[in-house]
Amino acid sequence: MKKYLYILTLCVLAFTSCKKDVDPGGTAVQSLANEWYVQVQVVDLTPGAPTPAVNTKYYKMSTYNTADNQPNMIWFDDTNGYTQVKLKANADVAGLSFSATGATDVNGSTDKVTISNAKIVKDGAVGPSSKAVTDAISYDVKFSSDNNLITYKFKGYARTRFVGDDH
């Protein structure tokens, strides 16, 4: 009888200890969130300014959800990138776009930042080394200190996680 009791106990433990896979879900702005590698073209409208060229260096930046997971707001984080700003931007998840007008950089800069023409294109790019299909991003940035004469135009791709595509 003891033998059957042990077997029954083991069976009960085996069935009750099985974990079910729970879908953790996603964030409200997950289609806009990623790590990105972008290149910049500086367009200076100051009279006599040189013709802009694309900077061939890649800069890493990120877009991600806010702590309260708002569906209409994302973090634009270029703290270690070209512009070195971090701010909250308005998000349009359905339109795969985002923008900011006169936004304040949380890093303490007094400059007001405007992001326009921001667009994410699903499967719109390929990794330069891996040739893996990934999302594309483009956006324009202006700073109040430039008197809106300089536009920083960014284009790039979502991080593929292949070592050769990381910069």
# chains A, B, ... in the order shown; residues from 1 in each chain; ligands from 1

$ closest_atom_pairs --of "stretch 23-90 of chain A" --to "stretch 101-117 of chain A" --cutoff "6 Å" --atoms "only C-alpha atoms" --output "tab-separated table"
residue	atom	partner	partner_atom	distance
A:Val85	CA	A:Asp105	CA	5.6
A:Lys86	CA	A:Asp105	CA	5.3
A:Leu87	CA	A:Asp105	CA	5.1

$ residues_around --residues "A:Lys131" --least-positions-apart "3" --cutoff "10 Å" --atoms "only C-alpha atoms" --output "JSON, numbers by chain"
{"A": [125, 126, 127, 128, 134, 160, 162, 164, 165]}

$ select_by_dssp --residues "chain A" --states "strand (DSSP E)" --output "ChimeraX atom specification"
/A:34-44,59-65,73-77,86-92,97-104,112-126,133-143,150-158

$ write_last_selection --atoms "C-alpha atoms" --output "PDB file, in the first residue's frame"
ATOM      1  CA  ASN A  34      13.893  48.862 -31.073  1.00  0.00           C
ATOM      2  CA  GLU A  35      17.588  49.577 -31.096  1.00  0.00           C
ATOM      3  CA  TRP A  36      18.647  51.303 -34.287  1.00  0.00           C
ATOM      4  CA  TYR A  37      21.813  52.099 -36.213  1.00  0.00           C
ATOM      5  CA  VAL A  38      21.451  55.389 -38.067  1.00  0.00           C
ATOM      6  CA  GLN A  39      23.517  57.630 -40.310  1.00  0.00           C
ATOM      7  CA  VAL A  40      23.082  61.401 -40.413  1.00  0.00           C
ATOM      8  CA  GLN A  41      23.027  64.058 -43.100  1.00  0.00           C
ATOM      9  CA  VAL A  42      23.326  67.634 -41.848  1.00  0.00           C
ATOM     10  CA  VAL A  43      21.368  70.103 -43.995  1.00  0.00           C
ATOM     11  CA  ASP A  44      22.413  73.679 -43.214  1.00  0.00           C
ATOM     12  CA  TYR A  59      25.227  55.880 -34.471  1.00  0.00           C
ATOM     13  CA  LYS A  60      23.233  53.677 -32.112  1.00  0.00           C
ATOM     14  CA  MET A  61      19.946  54.982 -30.690  1.00  0.00           C
ATOM     15  CA  SER A  62      16.802  53.460 -29.180  1.00  0.00           C
ATOM     16  CA  THR A  63      13.056  53.897 -29.082  1.00  0.00           C
ATOM     17  CA  TYR A  64      11.044  52.225 -26.330  1.00  0.00           C
ATOM     18  CA  ASN A  65       7.908  52.400 -24.193  1.00  0.00           C
ATOM     19  CA  MET A  73       4.176  58.094 -26.133  1.00  0.00           C
ATOM     20  CA  ILE A  74       7.698  56.655 -26.595  1.00  0.00           C
ATOM     21  CA  TRP A  75      11.151  57.406 -25.339  1.00  0.00           C
ATOM     22  CA  PHE A  76      13.510  58.654 -28.050  1.00  0.00           C
ATOM     23  CA  ASP A  77      16.955  57.855 -26.638  1.00  0.00           C
ATOM     24  CA  LYS A  86      16.724  61.713 -24.582  1.00  0.00           C
ATOM     25  CA  LEU A  87      13.112  62.839 -24.667  1.00  0.00           C
ATOM     26  CA  LYS A  88       9.535  61.684 -24.791  1.00  0.00           C
ATOM     27  CA  ALA A  89       7.968  61.792 -28.242  1.00  0.00           C
ATOM     28  CA  ASN A  90       4.371  61.452 -29.418  1.00  0.00           C
ATOM     29  CA  ALA A  91       3.724  58.022 -30.924  1.00  0.00           C
ATOM     30  CA  ASP A  92       1.357  56.917 -33.662  1.00  0.00           C
ATOM     31  CA  SER A  97       5.552  57.150 -36.762  1.00  0.00           C
ATOM     32  CA  PHE A  98       6.510  59.508 -33.951  1.00  0.00           C
ATOM     33  CA  SER A  99       7.159  63.225 -33.470  1.00  0.00           C
ATOM     34  CA  ALA A 100       8.082  65.879 -30.929  1.00  0.00           C
ATOM     35  CA  THR A 101       7.721  69.651 -31.045  1.00  0.00           C
ATOM     36  CA  GLY A 102       9.771  71.815 -28.696  1.00  0.00           C
ATOM     37  CA  ALA A 103      10.529  68.811 -26.482  1.00  0.00           C
ATOM     38  CA  THR A 104      12.863  69.053 -23.514  1.00  0.00           C
ATOM     39  CA  LYS A 112      14.192  72.578 -27.414  1.00  0.00           C
ATOM     40  CA  VAL A 113      14.141  69.613 -29.782  1.00  0.00           C
ATOM     41  CA  THR A 114      11.795  68.994 -32.689  1.00  0.00           C
ATOM     42  CA  ILE A 115      11.530  65.585 -34.355  1.00  0.00           C
ATOM     43  CA  SER A 116       9.588  65.402 -37.592  1.00  0.00           C
ATOM     44  CA  ASN A 117       9.058  63.079 -40.562  1.00  0.00           C
ATOM     45  CA  ALA A 118       9.780  60.085 -38.313  1.00  0.00           C
ATOM     46  CA  LYS A 119       8.730  56.848 -39.954  1.00  0.00           C
ATOM     47  CA  ILE A 120       9.384  53.161 -39.421  1.00  0.00           C
ATOM     48  CA  VAL A 121       9.031  50.819 -42.380  1.00  0.00           C
ATOM     49  CA  LYS A 122       8.550  47.150 -41.497  1.00  0.00           C
ATOM     50  CA  ASP A 123      11.076  44.961 -43.365  1.00  0.00           C
ATOM     51  CA  GLY A 124      12.312  48.104 -45.146  1.00  0.00           C
ATOM     52  CA  ALA A 125      16.062  47.541 -44.727  1.00  0.00           C
ATOM     53  CA  VAL A 126      18.732  44.854 -44.734  1.00  0.00           C
ATOM     54  CA  VAL A 133      15.778  41.772 -43.570  1.00  0.00           C
ATOM     55  CA  THR A 134      14.962  44.235 -40.795  1.00  0.00           C
ATOM     56  CA  ASP A 135      12.959  47.402 -40.173  1.00  0.00           C
ATOM     57  CA  ALA A 136      14.024  50.807 -41.496  1.00  0.00           C
ATOM     58  CA  ILE A 137      13.814  54.134 -39.670  1.00  0.00           C
ATOM     59  CA  SER A 138      14.099  57.747 -40.797  1.00  0.00           C
ATOM     60  CA  TYR A 139      13.523  61.038 -38.986  1.00  0.00           C
ATOM     61  CA  ASP A 140      14.585  64.694 -38.929  1.00  0.00           C
ATOM     62  CA  VAL A 141      15.807  66.579 -35.854  1.00  0.00           C
ATOM     63  CA  LYS A 142      16.054  70.343 -35.284  1.00  0.00           C
ATOM     64  CA  PHE A 143      17.363  72.257 -32.259  1.00  0.00           C
ATOM     65  CA  ILE A 150      19.984  73.182 -39.560  1.00  0.00           C
ATOM     66  CA  THR A 151      18.145  69.902 -40.045  1.00  0.00           C
ATOM     67  CA  TYR A 152      19.728  66.625 -39.040  1.00  0.00           C
ATOM     68  CA  LYS A 153      18.307  63.914 -41.308  1.00  0.00           C
ATOM     69  CA  PHE A 154      18.684  60.365 -40.021  1.00  0.00           C
ATOM     70  CA  LYS A 155      18.204  57.058 -41.846  1.00  0.00           C
ATOM     71  CA  GLY A 156      19.015  53.590 -40.631  1.00  0.00           C
ATOM     72  CA  TYR A 157      17.962  50.097 -39.728  1.00  0.00           C
ATOM     73  CA  ALA A 158      16.848  48.064 -36.728  1.00  0.00           C
TER      74      ALA A 158
END

$ closest_residue --among "A:Ala67, A:Gln30, A:Lys57, A:Ala49" --to "A:Gly81" --atoms "only C-alpha atoms"
A:Lys57
